[in-house]
Every structure is written in C-alpha cells, then in structure tokens.
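Notes follow the structure.
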Amino acid sequence: VKTVDTSTGDVELESKKPVKVAVIGCTGSIGTQALEVIEKDKSRFEVVALCAGQNVDLLEKQISKFRPRFAGIAQPDLAGRLKKNHDRLEVATGQKALEIAATLDEVDLAIIAVVGFAGVVPTLKALQAGKKVALANKETLVAAGELIMQYAHLGRNLLPIDSEHSALFQLLKGVCPGEVNLLGITGSGGPFRNAPKEVLSYVTPQEALKHPTWNMGAKISIDSATLMNKGLEVIEAMHLFSMDLSKIRVLIHPQSRIHGLIELNNGSWLAHMSEPDMRLSITDSLYYPDVPPRSINRLDLTELGKLEFFEVDNDKFPCLDLAIKSAEIGQSMPVVLNAANEEAVYAFLYNKISFTQIPRIIERVMNDHQVQEVTLDNLLAADNWARKKSKECIMSVER
Ligand SMILES: NC(=O)c1ccc[n+]([C@@H]2O[C@H](COP(=O)([O-])OP(=O)(O)OC[C@H]3O[C@@H](n4cnc5c(N)ncnc54)[C@H](OP(=O)(O)O)[C@@H]3O)[C@@H](O)[C@H]2O)c1
C-alpha cells in the first residue's frame, strides 16, 4: 500500500493488515466460491467467522482449513459436534449466530451469502455496527431495502455480489447520474425459455433446477426458472442505485455474457461483458476499491458468436410482474412477495405444488395483505404472516 505524506510528498510503503472476514452461508454456492477467492490471498484476508445451515461435514472441513474463532450452525443439535471436535472454537446456533458472526468486534467485512430472508437481520446489524458488507443475498434488499439503505452507502460499506448489480455498479462509476436513461438487467431466460406455456404445469423440480448457464443453489435456480429472480433483481437495483422502477428494464439474453447495461440520455448504451463466473463479482467486491487480481476466466470475444436480446414473456412468466407490482405498492408488500415466493418455491421443490402454482400462491397472499409502514418489527411480522398464509394456500392447493 502506498501512503503519501502530504507535507513532504514522500511515498511510503506500508504493509496492510489482513481484512477480517465473516462468511454467512459459507457452505453454499456463493459461500464456497468466496472462500475459494479468499484462500488464494491469505495475506490479504483472514476468516474469523463461518456460518452454515446444516451441512456440518463441509463446515468442519472449512473450519479445519481456515481456523476461524467463531462458527454458527442453524441446527442446534449439530453444535455439540463442532464444540467437541474444535476445542477453542466459539459456537452459536440459530438465527442469532448469523447476527453474532456479522458483528464480532474484529470483523471488517461480512459476506452475506445465506439464502432467503435469513439475510436481513445480519446485514442490517453488520451495517449498523460499522462493518463493510459484501451482499450476495438478494432477498435482503427485496424484503428490507428501504431500511437497509438508511445505513448503507454503495461502494463505501455496501458492495454488490449479484452479477448484474456488480456489473451496473462498475458501469455507473464512469457516468454522471443525470446521464442515465435506463438500467438494463439481463437474464438467460432460464431452462423453460423455449418451452410452450402449456407444459409448465407438468415440469419437475429436477427439470427446473437445470439452469442453462449458472450452477447455483436450489432456491435461486427455481427463481431463475420462474423469472422471479429478475423481479427480485429489479427491486434490488431500485434500492442499490436509487433508481425509479420505470427506468429499470429486464432483457432476456440467452448467451449470458452481458450482465448489465446502461442506456444514456444521448441514446448510447454501455455494457458489462464477462464469462458467467460468480468468482468475478465476488472478487471485485472483496477487493474494492483496490484493483482485483487478474482473472483466470477470460472472455474471448472472437468465440462469442451472436448476442441476442428478447422481451420477457410476462404471460408465460408472471412472477416478474408480481415483483414489480409489490415494489410499486411498497411498504411491507415486497417482504410479503418474498416470503410467499420462498414458501412456494420450497413447496414446489418438495412436490407439494406444481411450477405454475408458484405465482398463483404469491398473488393470493399479496391480495390478502394489508400493507404496513417499514420498521424492522413490521417487516418481521409481515414475513411471519405471509409464511403462515402461504402455507395455508399450499395446503389448500389440489395438484
Ligand atoms: N449462486 C449464485 O450464483 C448466486 C448469484 C447471485 C446471487 N445469489 C444469491 O446469494 C444467496 C445464496 O445463494 P446460493 O446459490 O449460494 O445458495 P445455496 O447454495 O443454497 O447456499 C445457501 C447458504 O446458506 C446457508 N443457510 C441456509 N439457511 C440458513 C440459515 N437459516 N442459517 C444459516 N445458514 C443458512 C446454507 O447452509 P447449508 O448448505 O449448510 O444448509 C448455505 O451455506 C441467495 O440469496 C442468492 O439469491 C446467488
């Protein structure tokens, strides 16, 4: 690191202390890729806390490799094994563990890679405690964006990992806010992009989990198949970039090489292109504002062939419109959309409902909700209410 003495102009080299990191959701797709990035630069990063849901085997391997001082596991009955096998490790369980990990005194950076609404409280508490947050969990900004952004400054203490938002963040750095006409978010279209609408009632979880481009966790893979993922990303972008909903456009781009686009008022477009590899946006966020290391996975433009863009078929995939409607209504409605979606997605994965019943359940729950103003207590209550209501709807559904 170079530091300049302003009185003399002398440049001195100073060794940097490692960034102390908590990885919340360390056993998942994003969590393991984040640890892969960290492992390559042990002089820069030190893992001090790891939190998982139930994959205690992988968590134990990670503990042995990274030697954190704290570990969290969602399931309380798995804590005994961690304590027995790692004597100096501090262990906590349940939701509280995520909050403790994200706010430990020594933590500089919390990577929020847990899935679902479980990301909200640790993200909020980390920001309130003055930590930097690298945020992969999109449900957090969907459910509590208004609240979170009261404590977050993009680029200062909040860095997006979601690839589209990481792309837009980089593009926006070179542009005056008044110049932007539209933000473009791309999506592959998911595994059913070319399937006729009629077959969607019969698709299986295994078929829906087969994403054409990315290898991701189960929940986001189903969100990608229903296009709810794009809806969540529109709300995420609205909060992150303080952008009006009408100025965010979703484009289906099957090649998945352009991740974010900006249309300027003068009619020109800027695009962010790369190989689809989450390690790129993870690396950018972990190193920001420093220059990230050279990428191992480079895009060869001459091998690209065509780049296509299509409109979303909203009739076939109604989830995007539901997400936009929830954001237009605002207040506690997006948290209800998110909770109903989470419940419906897991019900589909467990073969309790069909693929096309996912949006129907979300719509029914949203229609029954009386919106409340945004406070943490109201959001937690609305999340709870929406989950109960969704479960009732799921029980009443006949397949
Ligand atoms: N995967 C991607 O490429 C990608 C891209 C952009 C954004 N995202 C977002 O990043 C987040 C993570 O996605 P993912 O694909 O990595 O999901 P994933 O593979 O399912 O991993 C989820 C992680 O969260 C942990 N977890 C789940 N519930 C928990 C709980 N109650 N308490 C503590 N830990 C819990 C899981 O632990 P166990 O496995 O031990 O149960 C796992 O470590 C999501 O919000 C997703 O939308 C993902």
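By order in the structure tokens, chains are A, B, ...; within a chain, residues start at 1; ligands start at 1, following the order shown.
The alpha helix (DSSP H) portion of segment 158-217 of chain A consists of Ser163, Glu164, His165, Ser166, Ala167, Leu168, Phe169, Gln170, Leu171, Leu172, Pro205, Gln206, Glu207 and Ala208 of chain A, with states taken from DSSP on the backbone.
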Include all heavy atoms and write out the residues we just selected as an mmCIF file, in the first residue's frame.
```cif
data_model
loop_
_atom_site.group_PDB
_atom_site.id
_atom_site.type_symbol
_atom_site.label_atom_id
_atom_site.label_comp_id
_atom_site.auth_asym_id
_atom_site.auth_seq_id
_atom_site.Cartn_x
_atom_site.Cartn_y
_atom_site.Cartn_z
ATOM 1 N N SER A 163 -24.348 -10.658 -9.847
ATOM 2 C CA SER A 163 -23.537 -10.304 -11.012
ATOM 3 C C SER A 163 -24.075 -9.095 -11.791
ATOM 4 O O SER A 163 -23.300 -8.243 -12.234
ATOM 5 C CB SER A 163 -23.398 -11.501 -11.953
ATOM 6 O OG SER A 163 -24.664 -11.984 -12.292
ATOM 7 N N GLU A 164 -25.403 -9.003 -11.918
ATOM 8 C CA GLU A 164 -25.976 -7.892 -12.680
ATOM 9 C C GLU A 164 -25.705 -6.559 -11.973
ATOM 10 O O GLU A 164 -25.420 -5.540 -12.591
ATOM 11 C CB GLU A 164 -27.491 -8.061 -12.850
ATOM 12 C CG GLU A 164 -27.916 -9.274 -13.662
ATOM 13 C CD GLU A 164 -27.801 -10.597 -12.913
ATOM 14 O OE1 GLU A 164 -27.509 -10.576 -11.692
ATOM 15 O OE2 GLU A 164 -27.979 -11.650 -13.549
ATOM 16 N N HIS A 165 -25.791 -6.591 -10.642
ATOM 17 C CA HIS A 165 -25.629 -5.361 -9.860
ATOM 18 C C HIS A 165 -24.161 -4.984 -9.737
ATOM 19 O O HIS A 165 -23.817 -3.805 -9.728
ATOM 20 C CB HIS A 165 -26.312 -5.531 -8.499
ATOM 21 C CG HIS A 165 -27.746 -5.928 -8.685
ATOM 22 N ND1 HIS A 165 -28.097 -7.212 -9.034
ATOM 23 C CD2 HIS A 165 -28.887 -5.211 -8.653
ATOM 24 C CE1 HIS A 165 -29.405 -7.259 -9.203
ATOM 25 N NE2 HIS A 165 -29.910 -6.061 -8.978
ATOM 26 N N SER A 166 -23.314 -6.008 -9.693
ATOM 27 C CA SER A 166 -21.877 -5.757 -9.707
ATOM 28 C C SER A 166 -21.511 -5.098 -11.045
ATOM 29 O O SER A 166 -20.742 -4.131 -11.101
ATOM 30 C CB SER A 166 -21.151 -7.090 -9.526
ATOM 31 O OG SER A 166 -19.788 -6.935 -9.730
ATOM 32 N N ALA A 167 -22.100 -5.598 -12.132
ATOM 33 C CA ALA A 167 -21.848 -5.040 -13.465
ATOM 34 C C ALA A 167 -22.327 -3.587 -13.530
ATOM 35 O O ALA A 167 -21.602 -2.695 -13.986
ATOM 36 C CB ALA A 167 -22.565 -5.876 -14.522
ATOM 37 N N LEU A 168 -23.542 -3.342 -13.046
ATOM 38 C CA LEU A 168 -24.098 -1.984 -13.100
ATOM 39 C C LEU A 168 -23.291 -1.035 -12.219
ATOM 40 O O LEU A 168 -23.051 0.117 -12.584
ATOM 41 C CB LEU A 168 -25.572 -1.992 -12.659
ATOM 42 C CG LEU A 168 -26.537 -2.643 -13.661
ATOM 43 C CD1 LEU A 168 -27.917 -2.822 -13.044
ATOM 44 C CD2 LEU A 168 -26.643 -1.786 -14.936
ATOM 45 N N PHE A 169 -22.866 -1.530 -11.061
ATOM 46 C CA PHE A 169 -22.063 -0.705 -10.147
ATOM 47 C C PHE A 169 -20.792 -0.241 -10.859
ATOM 48 O O PHE A 169 -20.412 0.928 -10.786
ATOM 49 C CB PHE A 169 -21.735 -1.544 -8.900
ATOM 50 C CG PHE A 169 -20.822 -0.882 -7.917
ATOM 51 C CD1 PHE A 169 -21.085 0.392 -7.430
ATOM 52 C CD2 PHE A 169 -19.676 -1.535 -7.459
ATOM 53 C CE1 PHE A 169 -20.231 1.009 -6.515
ATOM 54 C CE2 PHE A 169 -18.825 -0.934 -6.548
ATOM 55 C CZ PHE A 169 -19.103 0.335 -6.073
ATOM 56 N N GLN A 170 -20.156 -1.152 -11.587
ATOM 57 C CA GLN A 170 -18.925 -0.785 -12.290
ATOM 58 C C GLN A 170 -19.199 0.180 -13.438
ATOM 59 O O GLN A 170 -18.452 1.131 -13.653
ATOM 60 C CB GLN A 170 -18.239 -2.035 -12.814
ATOM 61 C CG GLN A 170 -17.714 -2.857 -11.657
ATOM 62 C CD GLN A 170 -16.944 -4.057 -12.123
ATOM 63 O OE1 GLN A 170 -16.063 -3.929 -12.949
ATOM 64 N NE2 GLN A 170 -17.277 -5.211 -11.594
ATOM 65 N N LEU A 171 -20.301 -0.059 -14.166
ATOM 66 C CA LEU A 171 -20.626 0.834 -15.288
ATOM 67 C C LEU A 171 -20.958 2.238 -14.792
ATOM 68 O O LEU A 171 -20.546 3.237 -15.384
ATOM 69 C CB LEU A 171 -21.835 0.285 -16.063
ATOM 70 C CG LEU A 171 -21.610 -0.972 -16.899
ATOM 71 C CD1 LEU A 171 -22.939 -1.497 -17.433
ATOM 72 C CD2 LEU A 171 -20.669 -0.678 -18.068
ATOM 73 N N LEU A 172 -21.685 2.311 -13.685
ATOM 74 C CA LEU A 172 -22.151 3.610 -13.195
ATOM 75 C C LEU A 172 -21.009 4.481 -12.670
ATOM 76 O O LEU A 172 -21.157 5.698 -12.578
ATOM 77 C CB LEU A 172 -23.210 3.417 -12.106
ATOM 78 C CG LEU A 172 -24.587 2.987 -12.635
ATOM 79 C CD1 LEU A 172 -25.483 2.487 -11.510
ATOM 80 C CD2 LEU A 172 -25.267 4.145 -13.375
ATOM 81 N N PRO A 205 -39.240 -30.576 -10.444
ATOM 82 C CA PRO A 205 -38.168 -29.817 -9.808
ATOM 83 C C PRO A 205 -36.804 -30.094 -10.457
ATOM 84 O O PRO A 205 -36.016 -29.177 -10.654
ATOM 85 C CB PRO A 205 -38.203 -30.289 -8.355
ATOM 86 C CG PRO A 205 -39.620 -30.712 -8.129
ATOM 87 C CD PRO A 205 -40.074 -31.275 -9.442
ATOM 88 N N GLN A 206 -36.545 -31.345 -10.829
ATOM 89 C CA GLN A 206 -35.245 -31.672 -11.437
ATOM 90 C C GLN A 206 -35.053 -30.895 -12.751
ATOM 91 O O GLN A 206 -33.969 -30.383 -13.020
ATOM 92 C CB GLN A 206 -35.134 -33.186 -11.743
ATOM 93 C CG GLN A 206 -35.002 -34.064 -10.508
ATOM 94 C CD GLN A 206 -36.278 -34.083 -9.646
ATOM 95 O OE1 GLN A 206 -37.394 -33.975 -10.141
ATOM 96 N NE2 GLN A 206 -36.092 -34.198 -8.333
ATOM 97 N N GLU A 207 -36.123 -30.797 -13.547
ATOM 98 C CA GLU A 207 -36.013 -30.040 -14.806
ATOM 99 C C GLU A 207 -35.826 -28.548 -14.525
ATOM 100 O O GLU A 207 -35.042 -27.868 -15.192
ATOM 101 C CB GLU A 207 -37.280 -30.247 -15.659
ATOM 102 C CG GLU A 207 -37.353 -31.632 -16.269
ATOM 103 C CD GLU A 207 -38.753 -31.980 -16.798
ATOM 104 O OE1 GLU A 207 -39.767 -31.465 -16.264
ATOM 105 O OE2 GLU A 207 -38.810 -32.788 -17.727
ATOM 106 N N ALA A 208 -36.547 -28.055 -13.526
ATOM 107 C CA ALA A 208 -36.468 -26.624 -13.218
ATOM 108 C C ALA A 208 -35.114 -26.246 -12.614
ATOM 109 O O ALA A 208 -34.677 -25.102 -12.718
ATOM 110 C CB ALA A 208 -37.595 -26.242 -12.253
#
```
Exercise. Just the residues within 9 Å of segment 60-75 of chain A, please, counting only C-alpha atoms, with nothing from its chain fewer than 3 positions along; format it as number ranges by chain.
Key: A: 22, 24, 26-27, 35, 39, 46-57, 78-79, 82, 85-86, 88-98, 100-101, 104
Quiz item: Among segment 24-257 of chain A, which residues carry a DSSP assignment of strand (DSSP E), reported as a PyMOL selection string?
Solution: chain A and resi 24+45-52+70-73+90-93+109-112+132-135+158-160+180-187+248-252
Practice problem: For Ser332 of chain A, work out the shell of residues within 12 Å, counting only C-alpha atoms and skipping chain neighbours fewer than 5 positions away, then give it as a PyMOL selection string. | Solution: chain A and resi 142-147+326-327+337-339+366+369-386
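Counting only C-alpha atoms and all ligand atoms, the residue from A:Lys138, A:Lys325, A:His259, A:Lys83 that sits nearest to ligand 1 is A:Lys138.
Take atom CA of Asn297 of chain A and atom 34 (N, counted along the ligand's line) of ligand 1: the distance between them is 28.8 Å.
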Quiz item: Near Arg298 of chain A, within 12 Å and counting only C-alpha atoms, which residues show up once chain neighbours fewer than 2 positions away are dropped, as number ranges by chain?
Solution: A: 257, 273-277, 279-280, 294-296, 300-304
Based on the selection just made, write all heavy atoms of those residues as a compact mmCIF listing (two decimals), in the first residue's frame.
```
# COMPACT_ATOMS: atom_id res chain seq x y z
N ARG A 257 -23.55 -13.31 -21.50
CA ARG A 257 -22.21 -12.71 -21.48
C ARG A 257 -22.28 -11.22 -21.13
O ARG A 257 -21.31 -10.66 -20.65
CB ARG A 257 -21.51 -12.88 -22.84
CG ARG A 257 -21.18 -14.33 -23.19
CD ARG A 257 -20.27 -14.94 -22.15
NE ARG A 257 -19.82 -16.28 -22.46
CZ ARG A 257 -20.53 -17.40 -22.29
NH1 ARG A 257 -21.77 -17.35 -21.84
NH2 ARG A 257 -20.01 -18.59 -22.57
N MET A 273 -19.46 -6.92 -19.97
CA MET A 273 -19.38 -8.27 -20.52
C MET A 273 -18.33 -9.08 -19.79
O MET A 273 -17.25 -8.56 -19.49
CB MET A 273 -18.99 -8.22 -22.00
CG MET A 273 -19.95 -7.47 -22.86
SD MET A 273 -19.29 -7.26 -24.52
CE MET A 273 -19.47 -8.90 -25.16
N SER A 274 -18.63 -10.33 -19.54
CA SER A 274 -17.62 -11.25 -19.00
C SER A 274 -18.14 -12.66 -19.14
O SER A 274 -19.33 -12.87 -19.41
CB SER A 274 -17.35 -10.95 -17.52
OG SER A 274 -18.45 -11.37 -16.73
N GLU A 275 -17.26 -13.62 -18.90
CA GLU A 275 -17.72 -15.01 -18.78
C GLU A 275 -18.69 -15.07 -17.59
O GLU A 275 -18.50 -14.34 -16.62
CB GLU A 275 -16.53 -15.94 -18.50
CG GLU A 275 -15.68 -16.26 -19.70
CD GLU A 275 -16.39 -17.16 -20.71
OE1 GLU A 275 -17.45 -17.74 -20.39
OE2 GLU A 275 -15.90 -17.26 -21.84
N PRO A 276 -19.70 -15.94 -17.65
CA PRO A 276 -20.58 -16.06 -16.47
C PRO A 276 -19.87 -16.85 -15.37
O PRO A 276 -19.82 -18.06 -15.41
CB PRO A 276 -21.80 -16.81 -17.02
CG PRO A 276 -21.33 -17.51 -18.24
CD PRO A 276 -20.11 -16.80 -18.75
N ASP A 277 -19.27 -16.15 -14.44
CA ASP A 277 -18.50 -16.78 -13.37
C ASP A 277 -18.63 -15.90 -12.14
O ASP A 277 -18.13 -14.76 -12.12
CB ASP A 277 -17.02 -16.89 -13.83
CG ASP A 277 -16.17 -17.63 -12.80
OD1 ASP A 277 -16.56 -17.70 -11.63
OD2 ASP A 277 -15.08 -18.11 -13.19
N ARG A 279 -17.22 -15.91 -9.44
CA ARG A 279 -15.98 -15.55 -8.74
C ARG A 279 -15.49 -14.17 -9.15
O ARG A 279 -14.78 -13.51 -8.41
CB ARG A 279 -14.89 -16.61 -8.99
CG ARG A 279 -15.18 -17.90 -8.26
CD ARG A 279 -14.25 -18.98 -8.67
NE ARG A 279 -14.34 -19.23 -10.11
CZ ARG A 279 -13.63 -20.12 -10.77
NH1 ARG A 279 -12.77 -20.87 -10.13
NH2 ARG A 279 -13.77 -20.29 -12.08
N LEU A 280 -15.92 -13.73 -10.34
CA LEU A 280 -15.53 -12.41 -10.82
C LEU A 280 -16.16 -11.31 -9.95
O LEU A 280 -15.47 -10.43 -9.43
CB LEU A 280 -15.98 -12.27 -12.27
CG LEU A 280 -15.37 -11.15 -13.06
CD1 LEU A 280 -13.91 -11.44 -13.34
CD2 LEU A 280 -16.13 -11.00 -14.37
N ARG A 294 -5.74 -10.54 -11.42
CA ARG A 294 -6.03 -10.92 -12.81
C ARG A 294 -6.98 -12.13 -12.84
O ARG A 294 -6.78 -13.09 -12.09
CB ARG A 294 -4.69 -11.31 -13.44
CG ARG A 294 -4.66 -11.34 -14.91
CD ARG A 294 -3.23 -11.72 -15.33
NE ARG A 294 -3.25 -12.25 -16.67
CZ ARG A 294 -3.21 -11.50 -17.76
NH1 ARG A 294 -3.10 -10.20 -17.65
NH2 ARG A 294 -3.26 -12.05 -18.95
N SER A 295 -7.97 -12.06 -13.73
CA SER A 295 -8.96 -13.14 -13.77
C SER A 295 -8.41 -14.37 -14.49
O SER A 295 -7.68 -14.26 -15.46
CB SER A 295 -10.21 -12.66 -14.49
OG SER A 295 -11.10 -13.73 -14.64
N ILE A 296 -8.81 -15.54 -13.97
CA ILE A 296 -8.39 -16.77 -14.61
C ILE A 296 -9.34 -17.14 -15.76
O ILE A 296 -9.02 -17.94 -16.61
CB ILE A 296 -8.38 -17.95 -13.60
CG1 ILE A 296 -9.56 -17.80 -12.64
CG2 ILE A 296 -7.06 -18.04 -12.87
CD1 ILE A 296 -10.18 -19.07 -12.26
N ASP A 300 -13.30 -14.61 -24.50
CA ASP A 300 -12.74 -14.47 -25.83
C ASP A 300 -13.85 -13.98 -26.77
O ASP A 300 -14.76 -14.73 -27.12
CB ASP A 300 -12.19 -15.84 -26.29
CG ASP A 300 -11.50 -15.74 -27.65
OD1 ASP A 300 -11.69 -14.70 -28.33
OD2 ASP A 300 -10.79 -16.67 -28.02
N LEU A 301 -13.75 -12.70 -27.15
CA LEU A 301 -14.83 -12.10 -27.95
C LEU A 301 -15.00 -12.78 -29.30
O LEU A 301 -16.10 -12.89 -29.82
CB LEU A 301 -14.56 -10.60 -28.16
CG LEU A 301 -14.65 -9.74 -26.90
CD1 LEU A 301 -14.25 -8.31 -27.23
CD2 LEU A 301 -16.05 -9.76 -26.31
N THR A 302 -13.89 -13.30 -29.84
CA THR A 302 -13.99 -13.91 -31.17
C THR A 302 -14.74 -15.23 -31.15
O THR A 302 -15.17 -15.74 -32.18
CB THR A 302 -12.59 -14.14 -31.79
OG1 THR A 302 -11.89 -15.06 -30.93
CG2 THR A 302 -11.81 -12.86 -31.92
N GLU A 303 -14.89 -15.80 -29.94
CA GLU A 303 -15.63 -17.07 -29.85
C GLU A 303 -17.09 -16.87 -29.48
O GLU A 303 -17.84 -17.82 -29.29
CB GLU A 303 -14.97 -17.99 -28.82
CG GLU A 303 -13.68 -18.59 -29.35
CD GLU A 303 -13.07 -19.59 -28.41
OE1 GLU A 303 -13.65 -19.86 -27.35
OE2 GLU A 303 -12.00 -20.09 -28.76
N LEU A 304 -17.49 -15.60 -29.33
CA LEU A 304 -18.83 -15.32 -28.81
C LEU A 304 -19.96 -15.65 -29.77
O LEU A 304 -21.02 -16.10 -29.36
CB LEU A 304 -18.93 -13.82 -28.49
CG LEU A 304 -18.77 -13.45 -27.03
CD1 LEU A 304 -19.01 -11.97 -26.87
CD2 LEU A 304 -19.74 -14.23 -26.16
```
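In terms of minimum interatomic distance to Val120 of chain A, A:Ile148 ranks closest within A:Ala225, A:Ile148, A:Ala134, A:Ile358, counting only C-alpha atoms.
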Quiz item: Looking at A:Ile161, A:Ala118, A:Leu58, A:Ile222, which one is nearest to Phe355 of chain A, with distances taken over only C-alpha atoms?
Solution: A:Ile222
Self-check item: Length of the atom CA of Val312 of chain A to atom CA of Ile185 of chain A vector [Å]
Solution: 11.5 Å
Quiz item: Could you name the residues that touch Val175 of chain A at 12 Å or less, counting only C-alpha atoms, but leaving out those on the same chain fewer than 6 positions away, as a PyMOL selection string?
Solution: chain A and resi 168-169+181+262-265+269-270
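Taking atom CA of Asp108 of chain A and atom CA of Leu286 of chain A as endpoints, the distance between them is 11.0 Å.
You can rank A:Arg193, A:Lys391, A:Lys219, A:Lys352 by their closest distance to Glu311 of chain A using only C-alpha atoms, and at the top of that list sits A:Arg193.
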Quiz item: Can you tell me, as a list in words, what residues are no more than 9 Å from Cys319 of chain A when counting only C-alpha atoms, ignoring any on the same chain fewer than 4 positions away?
Solution: Asp223, Thr226, Leu227, Met228, Asn229, Lys230, Gly231, Asn314, Ala323, Ile324, Ile358, Pro359 and Ile362 of chain A
Quiz item: From the set A:Asp321, A:Glu139, A:Glu342, A:Asp368, which residue has the shortest atom-to-atom contact distance to ligand 1, counting only C-alpha atoms and all ligand atoms?
Solution: A:Glu139
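Each of A:Met149, A:Leu182, A:Leu109, A:Ile220 was checked against ligand 1 using only C-alpha atoms and all ligand atoms; the smallest atom-to-atom distance is that of A:Ile220.
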Practice problem: Write out as a ChimeraX atom specification the residues lying within 8 Å of Ala237 of chain A, counting only C-alpha atoms and excluding same-chain residues fewer than 5 positions away. | Solution: /A:165,242-243,248
